[in-house]
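Enquirer: Pasting a structure here, questions to come.
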Number of protein chains: 2
Amino acid sequence: MGSLGDLGGRAKAAAQALAGAGTAAKDAALHAAADVLVRRVGDVLDANGRDLDAAKAAGVTGAVVDRLRLDPARVEAMADGLRKVAALPDPVGEVLEGWVRPNGLRISRVRVPLGVVGVIYENRPNVTSDAAALCVKAGNAAFLRGSSGALNSNQAISACLREGMAKAGLPEDAVVLVEDTSRESAVEFMRLRDHIDCLVPRGGRSLIETILAHATVPYVIDGDGNCHVYVHASADLDMAQAIVVNGKTQRPGVCNAAESLLVDAAVAESFLPRVSAALEGVELVGDERARSIVPTIGVATSDDFSTEFLDLKMSVAVVDDLDGAIDHIRRHGSGHTEAIVTTELAAADRFTREVDAAAVVVNASTRFTDGEQFGFGAEIGISTQKLHARGPMGLRELTTTKYVVIGEGQVRQ
Amino acid sequence: MGSLGDLGGRAKAAAQALAGAGTAAKDAALHAAADVLVRRVGDVLDANGRDLDAAKAAGVTGAVVDRLRLDPARVEAMADGLRKVAALPDPVGEVLEGWVRPNGLRISRVRVPLGVVGVIYENRPNVTSDAAALCVKAGNAAFLRGSSGALNSNQAISACLREGMAKAGLPEDAVVLVEDTSRESAVEFMRLRDHIDCLVPRGGRSLIETILAHATVPYVIDGDGNCHVYVHASADLDMAQAIVVNGKTQRPGVCNAAESLLVDAAVAESFLPRVSAALEGVELVGDERARSIVPTIGVATSDDFSTEFLDLKMSVAVVDDLDGAIDHIRRHGSGHTEAIVTTELAAADRFTREVDAAAVVVNASTRFTDGEQFGFGAEIGISTQKLHARGPMGLRELTTTKYVVIGEGQVRQ
């Protein structure tokens with residue numbers, strides 16, 4: 001499709017058209033894209049088959065192949081995702097605030113699209129349509145760079161999306177896929193300051209490191225979740241156990257899974273044995289105090305307390321009190337989601353105030369930090385940074401604002 | 001004061017205390033700092049004298065020396081600035097929104113401090129107190145790195161501020177000044193990801209280039225203002241002239257000054273001669289169409305249309321119509337402030353919708369894009385980027401948010 005700069009220029013031009021497109025036009029385009037995707041399911045599955053064959057030939061293992069694999073139900077789910085995003089409220093045009101200055105100037109702050117949103121992502125081909133849907137609904141062009149292993153699938157999916165855009169009268173370059181999946185191209189992509197208004201990386205630590213080292217475009221980091229559950233001395237221990245087990249085991253491979261358990265010394269002797277039994281199948285590693293109560297807990301290295309296991313493994317520490325828990329989280333947390341289980345109002349208040357994270361949770365599972373669970377309808381990621389967006393990012397986080405200033409000839413004195 | 005990492009660690013620890021400090025404590029600290037500054041005016045002026053002597057010895061020229069120079073009135077103005085920020089509403093703790101999910105989870109989004117705000121700035125020593133005041137009021141530690149030429153002044157001012165913090169019971173490390181002003185130290189500063197939550201650079205293009213090349217901390221760019229005034233065919237030409245003259249000449253050296261004049265062909269013959277006369281003392285450079293009407297206008301190079309002159313110089317182009325103006329601004333604008341003068345509602349609407357800038361202005365001077373003028377009380381800069389903050393940045397832009405999720409034992413199914 002041409003050089004990266006050419007592709008970026010096309011996305012930029014499309015973004016200008018999208019910024020002026022009404023809600024009805026954008027929704028129609030998303031529905032048209034869904035229809036094309038369903039009609040072309042055969043093409044998409046053929047392309048996906050080529051990616052799967054290549055993966056198997058390269059000796060790629062089970063979980064990665066599973067994330068890559070599409071089937072008719074998964075393609076249908078992608079189409080449903082497009083329709084669902086079409087049904088969400090359009091964030092563009094919202095007037096966030098407005099006021100009149102003493103000199104009569106009327107100032108308002110209006111929500112507008114970002115422009116071109118770049119997305120770098122790893123193997124899962126459904127991100128192609130999920131990310132494009134959110135970008136387009138928020139009035140942005142989606143400039144997508146998937147991985148080489150999913151290139152055939154991504155090409156087939158983006159072709160469907162582009163056909164849908166065109167059918168509804170939007171520019172097909174509302175969705176632009178980068179087909180050069182070399183590392184050099186990734187670095188060039190993250191330096192396209194003239195063409196990318198916001199970069200959303202969806203990948204692991206090495207992608208984040210590459211972005212920190214090379215990116216010059218603005219970006220929002222979707223980082224690690226080393227999420228803690230802290231069981232306060234006053235906790236309902238049945239509730240605490242349910243929250244720990246759910247946080248750790250309901251879906252261990254995601255960023256809002258619980259990775260570390262902190263228990264107040266006052267309840268450690270009663271709670272640790274029962275929660276260890278309930279966490280059967282989970283490898284527990286702990287500090288000395290935890291191991292003195294439950295000897296089957298392994299020895300935790302100091303690294304373990306800072307590690308996002310993304311697996312059936314959990315670190316355990318006994319803390320003296322709320323201060324000890326807050327201090328532990330300050331040292332080891334990644335600023336994603338931190339939960340306390342308590343019945344004491346003052347403990348809940350201090351924890352939510354003093355713990356510095358995208359989400360602080362009282363008496364619920366860490367697994368709720370999620371755009372769907374928060375009610376945003378969909379999410380493009382979960383920001384662990386503090387600028388622009390913090391926590392689950394939905395349509396709103398894919399916009400910016402502009403000030404509109406209306407006068408009657410005012411000049412400054 | 002120790003290595004940069006040590007300084008950052010101290011700022012981080014102070015930030016934790018500041019995040020929990022109430023409004024009254026922060027306001028008292030700002031008043032105490034103002035009092036110390038006024039009492040120690042002699043020390044501050046002595047230190048400033050040493051900087052001025054060094055500048056003169058190095059052959060530094062008039063305008064730079066003027067920005068560096070303090071006198072009793074300027075120190076008093078710095079103290080007044082601290083008191084004025086103390087009087088502003090505290091942004092921390094504001095509940096921006098809140099809702100209840102079908103499963104009973106109560107979610108709210110609460111405004112919280114960023115943490116440590118790094119500020120890199122050039123010669124003007126008043127930035128030391130202005131930036132510190134805004135950071136502290138928003139609950140952040142101010143981690144300041146001024147220029148070598150103002151180091152003595154900055155040390156004296158920050159000593160006063162730190163003493164004020166301590167007097168009011170806040171950590172003196174709420175204000176930390178970097179005393180190593182080498183270029184290597186600047187680069188190290190912008191890579192302190194463990195210690196800086198947001199970097200606000202206040203400087204010219206070379207500082208911005210250094211940040212793009214080296215920074216790994218999150219930053220908000222306060223960039224160029226290549227601001228246009230577009231005179232639509234329907235404009236009241238008296239109003240247009242007043243707006244152009246004010247935008248260009250009221251204070252030419254600032255980012256919201258007008259740099260480029262666009263005039264509809266339909267009114268160019270009547271407007272250009274009179275505005276050229278009114279802009280006496282301003283060097284005008286223009287395109288062929290402008291020069292054919294006013295031959296004294298110089299030849300504009302294509303670079304001129306993309307240049308922020310920051311001086312009594314202005315580029316001039318004649319455009320066919322609104323589309324021509326929007327297209328010209330798209331190619332040459334820097335996304336800061338763009339103004340239209342018109343009496344036609346449809347033209348105002350299209351201009352404000354289609355021009356992509358931090359501020360779009362109808363029938364007023366570009367000079368109003370400013371924290372004070374917008375009513376924010378003070379500003380730490382004007383963002384020309386689209387993420388986090390766009391346009392004038394006041395106290396609110398020095399905060400982030402966190403989600404507080406309150407449950408009664410909910411777990412995910």
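Ordering of the structure tokens sets the chain letters (A, B, ...); residue numbers start at 1 within each chain; ligands are numbered from 1 in the order shown.
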Would you kindly report the residues of chain A within 6 Å of chain B, using only C-alpha atoms, as a tab-separated table (two decimals) with N, CA and C atoms, in the first residue's frame?
Expert:
```tsv
chain	number	residue	atom	x	y	z
A	212	LEU	N	9.19	3.57	24.67
A	212	LEU	CA	9.89	4.55	25.52
A	212	LEU	C	11.21	4.99	24.87
A	216	THR	N	8.27	9.21	19.19
A	216	THR	CA	8.16	10.66	19.32
A	216	THR	C	6.70	11.08	19.20
A	239	MET	N	-15.88	-13.29	52.39
A	239	MET	CA	-15.83	-12.36	51.25
A	239	MET	C	-14.40	-12.23	50.74
A	358	ALA	N	-4.69	3.45	39.12
A	358	ALA	CA	-5.78	3.81	38.21
A	358	ALA	C	-7.13	3.48	38.84
A	359	ALA	N	-7.20	2.34	39.54
A	359	ALA	CA	-8.46	1.97	40.21
A	359	ALA	C	-8.16	1.45	41.60
A	360	VAL	N	-8.87	1.96	42.59
A	360	VAL	CA	-8.79	1.45	43.95
A	360	VAL	C	-10.16	0.86	44.28
A	361	VAL	N	-10.15	-0.37	44.78
A	361	VAL	CA	-11.38	-1.15	44.89
A	361	VAL	C	-11.59	-1.56	46.34
A	362	VAL	N	-12.82	-1.40	46.82
A	362	VAL	CA	-13.17	-1.83	48.17
A	362	VAL	C	-14.17	-2.98	48.05
A	363	ASN	N	-13.83	-4.10	48.61
A	363	ASN	CA	-14.75	-5.23	48.71
A	363	ASN	C	-15.30	-5.70	47.37
A	364	ALA	N	-14.40	-5.81	46.41
A	364	ALA	CA	-14.80	-6.40	45.13
A	364	ALA	C	-13.53	-6.93	44.46
A	365	SER	N	-13.71	-7.73	43.44
A	365	SER	CA	-12.60	-8.35	42.72
A	365	SER	C	-11.84	-7.30	41.89
A	386	LYS	N	-0.67	8.37	33.92
A	386	LYS	CA	-1.52	9.36	34.57
A	386	LYS	C	-1.98	10.46	33.63
A	387	LEU	N	-1.32	10.61	32.49
A	387	LEU	CA	-1.72	11.67	31.57
A	387	LEU	C	-2.76	11.18	30.58
A	388	HIS	N	-3.70	12.08	30.28
A	388	HIS	CA	-4.75	11.88	29.27
A	388	HIS	C	-5.81	10.88	29.73
A	400	THR	N	-10.14	14.32	22.06
A	400	THR	CA	-9.52	15.42	22.77
A	400	THR	C	-10.57	16.53	22.83
A	402	LYS	N	-11.36	20.94	22.16
A	402	LYS	CA	-10.85	22.23	21.68
A	402	LYS	C	-11.66	23.32	22.38
A	403	TYR	N	-11.03	24.47	22.56
A	403	TYR	CA	-11.75	25.63	23.08
A	403	TYR	C	-12.33	26.41	21.91
A	404	VAL	N	-13.60	26.75	22.03
A	404	VAL	CA	-14.24	27.62	21.05
A	404	VAL	C	-14.52	28.95	21.75
A	405	VAL	N	-13.97	30.01	21.19
A	405	VAL	CA	-14.06	31.33	21.82
A	405	VAL	C	-14.83	32.25	20.88
A	406	ILE	N	-15.94	32.78	21.36
A	406	ILE	CA	-16.79	33.63	20.51
A	406	ILE	C	-16.82	35.05	21.07
A	407	GLY	N	-16.46	36.01	20.23
A	407	GLY	CA	-16.44	37.40	20.68
A	407	GLY	C	-17.25	38.30	19.79
A	408	GLU	N	-17.16	39.57	20.07
A	408	GLU	CA	-17.81	40.60	19.24
A	408	GLU	C	-16.81	41.70	18.96
A	409	GLY	N	-15.57	41.29	18.68
A	409	GLY	CA	-14.53	42.26	18.37
A	409	GLY	C	-13.57	42.54	19.52
A	410	GLN	N	-13.64	41.75	20.60
A	410	GLN	CA	-12.75	42.00	21.74
A	410	GLN	C	-11.26	41.91	21.36
A	411	VAL	N	-10.50	42.85	21.91
A	411	VAL	CA	-9.03	42.80	21.80
A	411	VAL	C	-8.46	42.97	23.20
```
Enquirer: Please provide as a list in words all residues within 7 Å of Lys248 of chain A, with the sequence filter that same-chain residues fewer than 6 positions apart are discarded (counting only C-alpha atoms).
Expert: Ala257, Ala258 and Glu259 of chain A
Enquirer: Could you find all residues in segment 189-356 of chain B that DSSP calls alpha helix (DSSP H) from the backbone, and write them as an MDAnalysis selection string?
Expert: chainID B and resid 189 205:214 237:249 265:278 288:293 322:332 345:354
Enquirer: Need to verify the contact set: Arg124 of chain A, 9 Å, only C-alpha atoms, exclusion of same-chain residues closer than 5 positions in sequence. Can you return it as a ChimeraX atom specification?
Expert: /A:64,66-69,146-147,150
Enquirer: Using the selection just defined, write its residues with C-alpha atoms as a short mmCIF file (atom, residue, chain, number, x, y, z; two decimals), in the first residue's frame.
Expert:
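Produced file again-v5.cif, reproduced below:
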```
data_model
loop_
_atom_site.label_atom_id
_atom_site.label_comp_id
_atom_site.auth_asym_id
_atom_site.auth_seq_id
_atom_site.Cartn_x
_atom_site.Cartn_y
_atom_site.Cartn_z
CA VAL A 64 -0.43 -18.27 20.74
CA ASP A 66 -5.32 -20.20 19.90
CA ARG A 67 -5.24 -16.40 20.02
CA LEU A 68 -4.51 -16.33 16.31
CA ARG A 69 -7.25 -18.78 15.29
CA GLY A 146 -0.48 -5.80 13.70
CA SER A 147 2.13 -8.52 13.89
CA ALA A 150 -1.37 -12.36 11.67
#
```
Enquirer: Have a look at A:Val65, A:Val38, A:Met190, A:Ile120 and name the one nearest to Asp222 of chain A; count only C-alpha atoms.
Expert: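 Ranking A:Val65, A:Val38, A:Met190, A:Ile120 by distance to Asp222 of chain A, first place goes to A:Ile120.
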Enquirer: Hey, what's within 9 Å of Gly49 of chain B if we count only C-alpha atoms and toss same-chain stuff fewer than 3 positions away? As an NGL selection string, please?
Expert: :B and (44-46 or 52-54 or 69-70 or 152-153)
Enquirer: Tell me which of B:Asn226, B:Asn256, B:Ser292, B:Ser270 sits closest to Thr307 of chain B, counting only C-alpha atoms.
Expert: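 The closest residue to Thr307 of chain B is B:Asn226.
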Enquirer: For Glu172 of chain A, which residue among A:Leu312, A:Ala378, A:Ala86, A:Ala15 is the nearest when counting only C-alpha atoms?
Expert: A:Ala15
Enquirer: Enter the distance from atom CA of Gly204 of chain B to atom CA of Ala132 of chain B, in Å, rounded to one decimal.
Expert: 20.5 Å
Enquirer: For atom CA of Val316 of chain A and atom CA of Ala290 of chain A, determine how far apart the two atoms are, in Å to one decimal place.
Expert: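 Interatomic distance, atom CA of Val316 of chain A to atom CA of Ala290 of chain A: 6.7 Å.
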Enquirer: Work out how far atom CA of Ala156 of chain A is from atom CA of Ala24 of chain A, in Å to one decimal.
Expert: 25.7 Å
Enquirer: Env of Thr181 of chain B: 9 Å cut, atoms = only C-alpha atoms, seq-sep filter 3 positions within chain, self excluded. Answer as a tab-separated table (two decimals) with C-alpha atoms, in the first residue's frame.
Expert:
```tsv
chain	number	residue	atom	x	y	z
B	145	ARG	CA	15.23	22.63	36.62
B	146	GLY	CA	15.98	26.18	35.54
B	147	SER	CA	18.84	27.40	33.40
B	148	SER	CA	22.43	27.85	34.50
B	151	LEU	CA	20.89	29.44	39.05
B	178	VAL	CA	18.08	20.82	40.39
B	184	GLU	CA	23.64	15.78	30.52
B	185	SER	CA	21.64	16.49	33.64
B	186	ALA	CA	18.72	17.77	31.56
```
Enquirer: Calculated over only C-alpha atoms, which of the candidates B:Glu76, B:Asp194, B:Asp303, B:Asp320 has the smallest distance to Gly42 of chain B?
Expert: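 Nearest candidate to Gly42 of chain B out of B:Glu76, B:Asp194, B:Asp303, B:Asp320: B:Glu76.
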Enquirer: Could you pull the residues within 7 Å of segment 293-298 of chain B, counting only C-alpha atoms, minus those fewer than 6 positions along the same chain, as a ChimeraX atom specification?
Expert: /B:269,272-273,284-286
